[in-house]
file data.txt (compact mmCIF, C-alpha atoms and all ligand atoms)
# COMPACT_ATOMS: atom_id res chain seq x y z
CA MET A 289 -66.07 -30.34 -58.59
CA ARG A 290 -68.23 -32.94 -60.36
CA ASP A 291 -69.10 -36.27 -58.80
CA VAL A 292 -66.58 -38.92 -59.64
CA ALA A 293 -68.09 -42.14 -60.93
CA ALA A 294 -65.13 -44.38 -61.20
CA ALA A 295 -64.42 -47.93 -60.18
CA PRO A 296 -62.60 -48.39 -56.86
CA THR A 297 -59.08 -47.08 -57.21
CA ARG A 298 -57.37 -48.74 -54.26
CA SER A 299 -53.93 -49.76 -55.35
CA ARG A 300 -52.04 -50.20 -52.09
CA VAL A 301 -52.54 -52.08 -48.87
CA LEU A 302 -52.68 -49.74 -45.90
CA PRO A 303 -52.97 -50.47 -42.18
CA ARG A 304 -56.49 -50.76 -40.79
CA ASN A 305 -58.20 -47.39 -40.32
CA ASP A 306 -55.39 -45.53 -42.11
CA PRO A 307 -57.04 -42.26 -43.27
CA ARG A 308 -55.19 -42.48 -46.60
CA GLN A 309 -57.75 -45.14 -47.52
CA TYR A 310 -60.24 -42.30 -48.04
CA ASP A 311 -57.95 -40.79 -50.67
CA ASP A 312 -57.66 -44.13 -52.43
CA LEU A 313 -61.45 -44.46 -52.34
CA ALA A 314 -62.16 -40.84 -53.27
CA GLY A 315 -64.06 -41.83 -56.40
CA GLU A 316 -66.46 -43.97 -54.38
CA TRP A 317 -68.08 -41.38 -52.11
CA TRP A 318 -70.91 -40.27 -54.34
CA ARG A 319 -71.52 -43.54 -56.21
CA PRO A 320 -74.89 -44.59 -54.79
CA ASP A 321 -73.97 -48.28 -55.10
CA GLY A 322 -70.25 -47.80 -54.48
CA ALA A 323 -68.01 -48.76 -51.58
CA PHE A 324 -69.59 -46.10 -49.37
CA ALA A 325 -73.21 -46.94 -50.25
CA MET A 326 -74.09 -47.74 -46.66
CA LEU A 327 -72.89 -44.29 -45.58
CA HIS A 328 -75.59 -42.82 -47.84
CA TRP A 329 -78.27 -44.91 -46.10
CA LEU A 330 -76.94 -43.93 -42.68
CA ALA A 331 -76.76 -40.26 -43.61
CA GLU A 332 -80.46 -40.28 -44.47
CA ALA A 333 -81.27 -41.91 -41.11
CA ARG A 334 -79.04 -39.44 -39.23
CA ALA A 335 -80.61 -36.44 -40.95
CA ALA A 336 -84.04 -37.69 -39.90
CA LEU A 337 -82.96 -36.96 -36.29
CA VAL A 338 -82.25 -33.32 -37.15
CA PRO A 339 -85.28 -31.01 -36.87
CA PRO A 340 -85.65 -27.90 -39.03
CA ALA A 341 -83.51 -24.99 -37.78
CA GLU A 342 -85.14 -22.85 -35.10
CA ARG A 343 -83.49 -19.59 -36.15
CA PRO A 344 -82.06 -17.97 -39.29
CA GLY A 345 -78.38 -18.72 -39.76
CA ALA A 346 -78.41 -21.81 -37.53
CA LEU A 347 -75.17 -23.78 -37.78
CA LEU A 348 -74.75 -27.53 -38.13
CA VAL A 349 -71.20 -28.79 -37.62
CA ASP A 350 -70.62 -32.17 -39.25
CA LEU A 351 -67.62 -33.85 -37.61
CA GLY A 352 -65.80 -36.25 -39.94
CA CYS A 353 -68.08 -35.08 -42.76
CA GLY A 354 -66.27 -37.03 -45.47
CA ALA A 355 -67.58 -35.98 -48.87
CA GLY A 356 -70.68 -34.36 -47.36
CA LEU A 357 -73.15 -37.20 -47.82
CA LEU A 358 -75.38 -35.64 -45.16
CA ALA A 359 -75.88 -32.49 -47.24
CA PRO A 360 -78.73 -33.59 -49.55
CA HIS A 361 -80.71 -34.86 -46.57
CA LEU A 362 -80.47 -31.50 -44.78
CA ALA A 363 -81.70 -29.54 -47.77
CA GLY A 364 -84.56 -27.26 -46.80
CA LYS A 365 -83.94 -27.59 -43.04
CA GLY A 366 -82.31 -24.17 -42.88
CA TYR A 367 -78.80 -24.90 -41.58
CA ARG A 368 -75.43 -23.61 -42.63
CA HIS A 369 -73.53 -26.86 -42.97
CA VAL A 370 -69.89 -26.79 -41.88
CA GLY A 371 -67.90 -30.00 -42.28
CA VAL A 372 -64.70 -30.89 -40.43
CA ASP A 373 -62.49 -33.64 -41.79
CA LEU A 374 -58.86 -34.72 -42.01
CA THR A 375 -59.15 -35.84 -45.62
CA ARG A 376 -58.77 -33.03 -48.12
CA SER A 377 -59.93 -35.07 -51.12
CA ALA A 378 -63.21 -35.77 -49.30
CA LEU A 379 -63.61 -32.15 -48.18
CA ALA A 380 -63.26 -30.94 -51.77
CA GLN A 381 -66.24 -33.10 -52.71
CA ALA A 382 -68.17 -31.93 -49.63
CA ALA A 383 -67.58 -28.33 -50.69
CA ALA A 384 -69.00 -29.14 -54.12
CA HIS A 385 -72.18 -30.22 -52.32
CA GLY A 386 -72.59 -26.98 -50.41
CA VAL A 387 -70.66 -27.84 -47.25
CA THR A 388 -68.26 -25.24 -45.86
CA PRO A 389 -65.06 -27.27 -45.45
CA VAL A 390 -62.77 -27.13 -42.43
CA ASN A 391 -59.64 -29.24 -42.68
CA GLY A 392 -58.99 -30.41 -39.15
CA ASP A 393 -59.03 -33.13 -36.56
CA VAL A 394 -62.24 -33.86 -34.70
CA THR A 395 -60.22 -34.10 -31.49
CA ALA A 396 -59.13 -30.45 -31.83
CA VAL A 397 -61.73 -28.60 -33.88
CA PRO A 398 -60.77 -25.05 -34.88
CA LEU A 399 -64.25 -23.64 -34.14
CA ALA A 400 -65.54 -21.61 -31.19
CA ASP A 401 -67.21 -22.99 -28.06
CA GLY A 402 -71.01 -23.05 -28.34
CA CYS A 403 -71.05 -22.11 -32.03
CA ALA A 404 -73.29 -24.97 -33.19
CA ASP A 405 -77.04 -25.49 -33.04
CA VAL A 406 -76.46 -29.08 -34.12
CA VAL A 407 -73.35 -31.24 -34.11
CA ALA A 408 -73.43 -34.40 -36.22
CA ALA A 409 -70.83 -37.12 -35.75
CA GLY A 410 -71.75 -39.85 -38.19
CA GLU A 411 -69.55 -42.91 -38.54
CA VAL A 412 -66.51 -41.09 -37.25
CA LEU A 413 -66.05 -41.84 -33.54
CA GLU A 414 -65.08 -45.45 -34.33
CA HIS A 415 -62.24 -44.12 -36.50
CA VAL A 416 -60.67 -41.88 -33.89
CA PRO A 417 -57.98 -43.24 -31.55
CA ASP A 418 -59.36 -41.04 -28.74
CA TRP A 419 -63.14 -41.00 -29.21
CA ARG A 420 -63.58 -39.41 -25.76
CA ARG A 421 -61.65 -36.37 -26.95
CA ALA A 422 -63.78 -36.17 -30.11
CA LEU A 423 -66.97 -36.42 -28.04
CA ALA A 424 -65.72 -33.68 -25.71
CA GLU A 425 -65.15 -31.48 -28.75
CA ALA A 426 -68.64 -32.25 -30.10
CA CYS A 427 -70.17 -31.18 -26.76
CA ARG A 428 -67.93 -28.10 -26.52
CA LEU A 429 -69.11 -26.90 -29.92
CA LEU A 430 -72.80 -27.18 -29.00
CA ARG A 431 -74.64 -24.14 -27.75
CA PRO A 432 -76.80 -24.73 -24.64
CA GLY A 433 -79.95 -26.37 -25.98
CA GLY A 434 -78.09 -27.56 -29.07
CA LEU A 435 -78.52 -31.09 -30.41
CA LEU A 436 -75.90 -33.80 -30.81
CA VAL A 437 -76.64 -36.61 -33.27
CA LEU A 438 -74.29 -39.47 -33.94
CA ASP A 439 -73.99 -43.02 -35.12
CA THR A 440 -71.18 -45.45 -34.53
CA LEU A 441 -70.21 -49.08 -33.96
CA ASN A 442 -70.37 -50.67 -30.54
CA ASP A 443 -67.36 -52.28 -28.92
CA THR A 444 -68.75 -55.82 -28.79
CA VAL A 445 -67.77 -59.19 -30.19
CA LEU A 446 -70.92 -59.18 -32.32
CA SER A 447 -69.99 -55.82 -33.79
CA ARG A 448 -66.53 -57.06 -34.73
CA VAL A 449 -68.05 -60.12 -36.39
CA VAL A 450 -70.78 -58.22 -38.27
CA ALA A 451 -68.89 -55.05 -39.24
CA VAL A 452 -65.45 -56.49 -39.86
CA HIS A 453 -65.43 -60.24 -40.40
CA VAL A 454 -68.72 -60.39 -42.34
CA GLY A 455 -69.19 -56.77 -43.49
CA GLU A 456 -65.78 -56.50 -45.08
CA ARG A 457 -66.49 -59.59 -47.18
CA LEU A 458 -69.59 -57.90 -48.61
CA PRO A 459 -69.68 -54.81 -50.82
CA THR A 460 -71.19 -52.82 -47.93
CA VAL A 461 -67.94 -52.10 -46.05
CA PRO A 462 -64.54 -51.35 -47.62
CA ARG A 463 -61.88 -53.82 -46.50
CA GLY A 464 -59.63 -52.54 -43.75
CA ILE A 465 -61.59 -49.32 -43.19
CA HIS A 466 -62.25 -50.18 -39.51
CA ASP A 467 -59.94 -51.00 -36.67
CA PRO A 468 -62.23 -52.83 -34.25
CA ARG A 469 -60.00 -51.80 -31.34
CA LEU A 470 -61.46 -48.31 -31.77
CA PHE A 471 -65.14 -49.33 -31.60
CA VAL A 472 -67.13 -47.30 -29.09
CA ASP A 473 -68.64 -48.85 -25.98
CA ALA A 474 -72.22 -47.59 -25.85
CA ARG A 475 -72.44 -47.30 -22.08
CA ALA A 476 -69.14 -45.46 -21.84
CA LEU A 477 -70.33 -43.09 -24.57
CA VAL A 478 -73.51 -42.23 -22.67
CA ALA A 479 -71.55 -41.69 -19.43
CA GLU A 480 -68.99 -39.52 -21.17
CA ALA A 481 -71.65 -37.41 -22.91
CA ALA A 482 -73.38 -36.88 -19.55
CA ARG A 483 -70.11 -35.60 -18.11
CA HIS A 484 -70.18 -32.96 -20.85
CA GLY A 485 -73.79 -31.98 -20.22
CA VAL A 486 -75.48 -34.01 -22.96
CA ALA A 487 -78.07 -36.64 -21.96
CA LEU A 488 -77.65 -39.05 -24.84
CA ARG A 489 -80.37 -41.49 -25.86
CA LEU A 490 -79.39 -44.49 -27.95
CA ARG A 491 -81.09 -46.92 -30.27
CA GLY A 492 -79.75 -49.75 -32.36
CA VAL A 493 -80.12 -49.46 -36.12
CA ARG A 494 -79.56 -51.78 -39.07
CA PRO A 495 -80.38 -51.91 -42.77
CA GLU A 496 -83.80 -53.49 -43.42
CA VAL A 497 -83.20 -57.08 -44.43
CA ARG A 498 -85.24 -57.28 -47.66
CA GLY A 499 -83.82 -54.03 -48.95
CA LEU A 500 -80.29 -55.13 -48.11
CA LEU A 501 -80.66 -58.51 -49.78
CA GLY A 502 -82.13 -56.87 -52.88
CA TRP A 503 -79.28 -54.38 -52.95
CA LEU A 504 -76.65 -57.12 -52.55
CA PHE A 505 -78.33 -59.12 -55.32
CA ARG A 506 -78.29 -56.13 -57.65
CA ARG A 507 -74.66 -55.47 -56.75
CA VAL A 508 -73.65 -59.05 -57.57
CA ARG A 509 -75.54 -58.92 -60.88
CA GLY A 510 -74.10 -55.48 -61.49
CA ALA A 511 -70.62 -56.93 -61.27
CA SER A 512 -71.49 -58.88 -64.42
CA GLY A 513 -72.96 -55.78 -66.04
CA ALA A 514 -76.71 -56.37 -65.70
CA ALA A 515 -77.77 -54.51 -62.56
CA PRO A 516 -80.95 -52.47 -62.67
CA ALA A 517 -80.93 -49.44 -60.40
CA GLY A 518 -83.16 -50.02 -57.39
CA ARG A 519 -84.28 -48.54 -54.13
CA ALA A 520 -81.59 -48.15 -51.49
CA PRO A 521 -82.13 -50.11 -48.27
CA ARG A 522 -83.62 -48.09 -45.43
CA ILE A 523 -81.94 -47.95 -42.04
CA VAL A 524 -84.45 -49.06 -39.41
CA PRO A 525 -84.41 -49.18 -35.61
CA THR A 526 -83.58 -52.47 -33.96
CA ARG A 527 -83.83 -53.59 -30.34
CA SER A 528 -80.15 -54.12 -29.73
CA THR A 529 -77.40 -51.53 -29.74
CA ALA A 530 -74.81 -54.33 -29.90
CA VAL A 531 -73.62 -53.48 -33.42
CA LEU A 532 -74.59 -50.18 -34.99
CA TYR A 533 -76.34 -47.49 -32.99
CA GLN A 534 -77.54 -43.93 -33.19
CA GLY A 535 -77.37 -41.43 -30.33
CA TRP A 536 -79.02 -38.07 -29.85
CA GLY A 537 -79.26 -35.61 -27.01
CA VAL A 538 -79.52 -31.94 -26.13
CA ARG A 539 -76.85 -30.00 -24.29
CA LYS A 540 -78.04 -28.65 -20.96
CA GLY A 541 -78.83 -24.95 -20.97
C1 LIG B 1 -66.56 -43.54 -42.41
S1 LIG B 1 -66.22 -41.93 -42.95
C2 LIG B 1 -67.75 -41.11 -42.53
C3 LIG B 1 -67.95 -39.86 -43.33
C4 LIG B 1 -69.28 -39.14 -43.11
N1 LIG B 1 -69.52 -38.80 -41.73
C5 LIG B 1 -70.41 -39.98 -43.65
O1 LIG B 1 -71.12 -40.60 -42.83
O2 LIG B 1 -70.56 -40.04 -44.87
C6 LIG B 1 -65.12 -41.32 -41.72
C7 LIG B 1 -64.60 -39.94 -42.02
O3 LIG B 1 -63.95 -39.46 -40.84
C8 LIG B 1 -62.76 -38.82 -41.21
N2 LIG B 1 -61.88 -38.87 -40.05
C9 LIG B 1 -61.33 -39.96 -39.47
N3 LIG B 1 -60.61 -39.59 -38.39
C10 LIG B 1 -60.71 -38.25 -38.29
C11 LIG B 1 -60.22 -37.29 -37.38
N4 LIG B 1 -59.47 -37.64 -36.33
N5 LIG B 1 -60.52 -36.00 -37.58
C12 LIG B 1 -61.29 -35.62 -38.65
N6 LIG B 1 -61.78 -36.48 -39.53
C13 LIG B 1 -61.52 -37.78 -39.36
C14 LIG B 1 -62.26 -39.56 -42.43
O4 LIG B 1 -61.40 -38.76 -43.19
C15 LIG B 1 -63.58 -39.86 -43.14
O5 LIG B 1 -63.93 -38.85 -44.01
call {"tool": "encode", "arguments": {"input": "data.txt", "output": "structure tokens"}}
result
Amino acid sequence: MRDVAAAPTRSRVLPRNDPRQYDDLAGEWWRPDGAFAMLHWLAEARAALVPPAERPGALLVDLGCGAGLLAPHLAGKGYRHVGVDLTRSALAQAAAHGVTPVNGDVTAVPLADGCADVVAAGEVLEHVPDWRRALAEACRLLRPGGLLVLDTLNDTVLSRVVAVHVGERLPTVPRGIHDPRLFVDARALVAEAARHGVALRLRGVRPEVRGLLGWLFRRVRGASGAAPAGRAPRIVPTRSTAVLYQGWGVRKG
């Protein structure tokens, strides 16, 4: 399948976090400055947490893989990349980028215990009504010594303001894509991961300010047809985990 480079195609109003939104936005996934642009920046930052594979045939399971935006950033690291997602239109695009697609729910993944050297759960836990179940599945899939990497939105007032009330007014976050009631309390996540044998470390992340402002400026100019392509904002660590955070940890052997 070729990359689709169309304008946003959303034609209906759906409830917050309704997965059908990803079908309506299917043409946006691989547009570098499209509605999912920030997912590209986050995918690069997530992949930076993944070391090269330690053995031939190592498996990385990408929970809620979407259209496979992680794939280019894993190139050369030596993993077989399997992606699990509910949304078939996204999985078809992931497959076109070298991801082995599995149509399924991250709360009941049809893969064997301990099959994965790495499990990635990028920007998915905050979309799942039972994130604890999804985390349990992520830990179940990991082999002893395997690595979990994730990023998600914290369950704080600040996160609701930044990601929903502000973010959804900017071109960085599609309107209605999040239901803030599902945001993931960072402390509860660490405690839950520990229960499943994974000592999770967290750090806050955010887009670098200059890069973000430049990107927004180009986007606004682009809307009137004059945008030069430019460098994508980098995701950088920040002191607070109150909004967006990454987590990583190894499953006990
Ligand atoms: C915000 S996107 C993130 C996609 C990808 N991880 C990335 O960072 O580019 C969330 C993805 O999770 C998927 N998703 C949401 N709930 C899911 C569930 N319960 N099981 C599997 N996939 C789910 C959606 O279909 C969508 O592709």
call {"tool": "residues_around", "arguments": {"input": "data.txt", "residues": "stretch 468-485 of chain A", "least_positions_apart": "6", "cutoff": "10 Å", "atoms": "all atoms listed in the file", "output": "JSON, numbers by chain"}}
result
{"A": [304, 305, 413, 414, 415, 416, 417, 418, 419, 420, 421, 423, 424, 425, 426, 427, 428, 432, 436, 440, 441, 442, 443, 444, 445, 447, 448, 449, 451, 452, 491, 529, 530, 531, 532, 533, 534, 535, 536, 537, 538, 539, 540, 541]}
call {"tool": "residues_around", "arguments": {"input": "data.txt", "residues": "stretch 331-344 of chain A", "least_positions_apart": "3", "cutoff": "6 Å", "atoms": "all atoms listed in the file", "output": "ChimeraX atom specification"}}
result
/A:327-328,358,361,365-366
call {"tool": "write_last_selection", "arguments": {"input": "data.txt", "atoms": "C-alpha atoms", "output": "PDB file, in the frame of the given file"}}
result
ATOM      1  CA  LEU A 327     -72.890 -44.290 -45.580  1.00  0.00           C
ATOM      2  CA  HIS A 328     -75.590 -42.820 -47.840  1.00  0.00           C
ATOM      3  CA  LEU A 358     -75.380 -35.640 -45.160  1.00  0.00           C
ATOM      4  CA  HIS A 361     -80.710 -34.860 -46.570  1.00  0.00           C
ATOM      5  CA  LYS A 365     -83.940 -27.590 -43.040  1.00  0.00           C
ATOM      6  CA  GLY A 366     -82.310 -24.170 -42.880  1.00  0.00           C
TER       7      GLY A 366
END
call {"tool": "residues_near_ligand", "arguments": {"input": "data.txt", "ligand": "ligand LIG 1 (chain B)", "cutoff": "6 Å", "atoms": "only C-alpha atoms and all ligand atoms", "output": "MDAnalysis selection string"}}
result
chainID A and resid 307 327 331 352:354 357 373:375 392:394 410:412 415:416
call {"tool": "residues_near_point", "arguments": {"input": "data.txt", "point": "(-73.9, -25.4, -30.0)", "cutoff": "8 Å", "atoms": "all atoms listed in the file", "output": "PyMOL selection string"}}
result
chain A and resi 401-407+427-435+539
call {"tool": "residues_around", "arguments": {"input": "data.txt", "residues": "A:Arg463", "least_positions_apart": "3", "cutoff": "10 Å", "atoms": "only C-alpha atoms", "output": "PyMOL selection string"}}
result
chain A and resi 301+304-305+309+323+452-453+455-460+466
call {"tool": "residues_around", "arguments": {"input": "data.txt", "residues": "A:Thr526", "least_positions_apart": "6", "cutoff": "7 Å", "atoms": "all atoms listed in the file", "output": "list in words"}}
result
Gly492, Val493 and Arg494 of chain A
call {"tool": "closest_residue", "arguments": {"input": "data.txt", "among": "A:Val454, A:Ala409, A:Ile465, A:Ala355", "to": "A:Ala380", "atoms": "only C-alpha atoms"}}
result
A:Ala355
call {"tool": "atom_distance", "arguments": {"input": "data.txt", "atom1": "atom CA of A:Arg519", "atom2": "atom CA of A:Gly315"}}
result
21.4 Å
call {"tool": "atom_distance", "arguments": {"input": "data.txt", "atom1": "atom CA of A:Ala325", "atom2": "atom CA of A:Ala346"}}
result
28.6 Å
call {"tool": "residues_near_point", "arguments": {"input": "data.txt", "point": "(-78.7, -23.4, -45.3)", "cutoff": "10 Å", "atoms": "only C-alpha atoms", "output": "list in words"}}
result
Ala341, Pro344, Gly345, Ala346, Leu347, Leu348, Ala359, Leu362, Ala363, Gly364, Lys365, Gly366, Tyr367, Arg368, His369, Gly386 and Val387 of chain A
call {"tool": "atom_distance", "arguments": {"input": "data.txt", "atom1": "atom CA of A:Asp467", "atom2": "atom CA of A:Trp503"}}
result
25.5 Å
call {"tool": "closest_residue", "arguments": {"input": "data.txt", "among": "A:Ala487, A:Ala378, A:Leu504, A:Gly464", "to": "A:Glu316", "atoms": "all atoms listed in the file"}}
result
A:Ala378
call {"tool": "residues_around", "arguments": {"input": "data.txt", "residues": "A:Thr388", "least_positions_apart": "3", "cutoff": "10 Å", "atoms": "all atoms listed in the file", "output": "ChimeraX atom specification"}}
result
/A:349-350,356,368-372,379-380,382-385
call {"tool": "closest_residue", "arguments": {"input": "data.txt", "among": "A:Pro495, A:Arg527, A:Pro462, A:Leu500", "to": "A:Gly322", "atoms": "all atoms listed in the file"}}
result
A:Pro462
call {"tool": "closest_residue", "arguments": {"input": "data.txt", "among": "A:Ser528, A:Val397, A:Val461, A:Val437", "to": "A:Met326", "atoms": "only C-alpha atoms"}}
result
A:Val461
call {"tool": "decode", "arguments": {"input": "data.txt", "residues": "stretch 424-434 of chain A", "atoms": "all heavy atoms", "output": "mmCIF file, in the first residue's frame"}}
result
data_model
loop_
_atom_site.group_PDB
_atom_site.id
_atom_site.type_symbol
_atom_site.label_atom_id
_atom_site.label_comp_id
_atom_site.auth_asym_id
_atom_site.auth_seq_id
_atom_site.Cartn_x
_atom_site.Cartn_y
_atom_site.Cartn_z
ATOM 1 N N ALA A 424 -0.845 -5.488 31.945
ATOM 2 C CA ALA A 424 -0.633 -6.898 32.317
ATOM 3 C C ALA A 424 -0.289 -7.716 31.072
ATOM 4 O O ALA A 424 0.604 -8.588 31.110
ATOM 5 C CB ALA A 424 -1.886 -7.453 32.995
ATOM 6 N N GLU A 425 -0.951 -7.439 29.978
ATOM 7 C CA GLU A 425 -0.663 -8.149 28.729
ATOM 8 C C GLU A 425 0.752 -7.830 28.240
ATOM 9 O O GLU A 425 1.490 -8.727 27.804
ATOM 10 C CB GLU A 425 -1.683 -7.767 27.652
ATOM 11 C CG GLU A 425 -3.020 -8.462 27.786
ATOM 12 C CD GLU A 425 -2.888 -9.960 27.562
ATOM 13 O OE1 GLU A 425 -2.533 -10.683 28.520
ATOM 14 O OE2 GLU A 425 -3.129 -10.422 26.432
ATOM 15 N N ALA A 426 1.125 -6.554 28.323
ATOM 16 C CA ALA A 426 2.482 -6.160 27.889
ATOM 17 C C ALA A 426 3.523 -6.951 28.677
ATOM 18 O O ALA A 426 4.484 -7.493 28.105
ATOM 19 C CB ALA A 426 2.673 -4.657 28.095
ATOM 20 N N CYS A 427 3.316 -7.055 29.993
ATOM 21 C CA CYS A 427 4.291 -7.758 30.850
ATOM 22 C C CYS A 427 4.254 -9.267 30.593
ATOM 23 O O CYS A 427 5.289 -9.934 30.602
ATOM 24 C CB CYS A 427 4.014 -7.449 32.308
ATOM 25 S SG CYS A 427 4.192 -5.692 32.703
ATOM 26 N N ARG A 428 3.076 -9.783 30.333
ATOM 27 C CA ARG A 428 2.941 -11.225 30.035
ATOM 28 C C ARG A 428 3.714 -11.594 28.767
ATOM 29 O O ARG A 428 4.339 -12.662 28.691
ATOM 30 C CB ARG A 428 1.453 -11.576 29.851
ATOM 31 C CG ARG A 428 1.191 -13.030 29.475
ATOM 32 C CD ARG A 428 -0.271 -13.291 29.165
ATOM 33 N NE ARG A 428 -0.760 -12.685 27.926
ATOM 34 C CZ ARG A 428 -0.530 -13.139 26.696
ATOM 35 N NH1 ARG A 428 0.235 -14.189 26.514
ATOM 36 N NH2 ARG A 428 -1.045 -12.525 25.629
ATOM 37 N N LEU A 429 3.682 -10.707 27.790
ATOM 38 C CA LEU A 429 4.334 -11.011 26.511
ATOM 39 C C LEU A 429 5.856 -10.997 26.610
ATOM 40 O O LEU A 429 6.551 -11.624 25.807
ATOM 41 C CB LEU A 429 3.899 -9.994 25.444
ATOM 42 C CG LEU A 429 2.428 -10.033 25.046
ATOM 43 C CD1 LEU A 429 2.085 -8.819 24.185
ATOM 44 C CD2 LEU A 429 2.108 -11.319 24.282
ATOM 45 N N LEU A 430 6.380 -10.253 27.599
ATOM 46 C CA LEU A 430 7.838 -10.095 27.703
ATOM 47 C C LEU A 430 8.514 -11.362 28.186
ATOM 48 O O LEU A 430 8.067 -11.973 29.167
ATOM 49 C CB LEU A 430 8.171 -9.008 28.713
ATOM 50 C CG LEU A 430 8.159 -7.565 28.260
ATOM 51 C CD1 LEU A 430 8.528 -6.678 29.456
ATOM 52 C CD2 LEU A 430 9.136 -7.332 27.111
ATOM 53 N N ARG A 431 9.617 -11.716 27.564
ATOM 54 C CA ARG A 431 10.431 -12.801 28.115
ATOM 55 C C ARG A 431 11.162 -12.252 29.348
ATOM 56 O O ARG A 431 11.327 -11.020 29.467
ATOM 57 C CB ARG A 431 11.431 -13.303 27.075
ATOM 58 C CG ARG A 431 12.504 -12.292 26.732
ATOM 59 C CD ARG A 431 13.655 -12.932 25.982
ATOM 60 N NE ARG A 431 14.600 -11.952 25.472
ATOM 61 C CZ ARG A 431 15.512 -11.311 26.190
ATOM 62 N NH1 ARG A 431 15.602 -11.518 27.490
ATOM 63 N NH2 ARG A 431 16.336 -10.451 25.622
ATOM 64 N N PRO A 432 11.586 -13.132 30.280
ATOM 65 C CA PRO A 432 12.411 -12.642 31.384
ATOM 66 C C PRO A 432 13.628 -11.909 30.815
ATOM 67 O O PRO A 432 14.268 -12.392 29.875
ATOM 68 C CB PRO A 432 12.817 -13.924 32.114
ATOM 69 C CG PRO A 432 11.725 -14.904 31.771
ATOM 70 C CD PRO A 432 11.301 -14.572 30.367
ATOM 71 N N GLY A 433 13.901 -10.744 31.335
ATOM 72 C CA GLY A 433 15.002 -9.934 30.789
ATOM 73 C C GLY A 433 14.579 -9.051 29.631
ATOM 74 O O GLY A 433 15.380 -8.236 29.154
ATOM 75 N N GLY A 434 13.341 -9.203 29.186
ATOM 76 C CA GLY A 434 12.848 -8.382 28.074
ATOM 77 C C GLY A 434 12.521 -6.962 28.533
ATOM 78 O O GLY A 434 12.332 -6.703 29.727
#
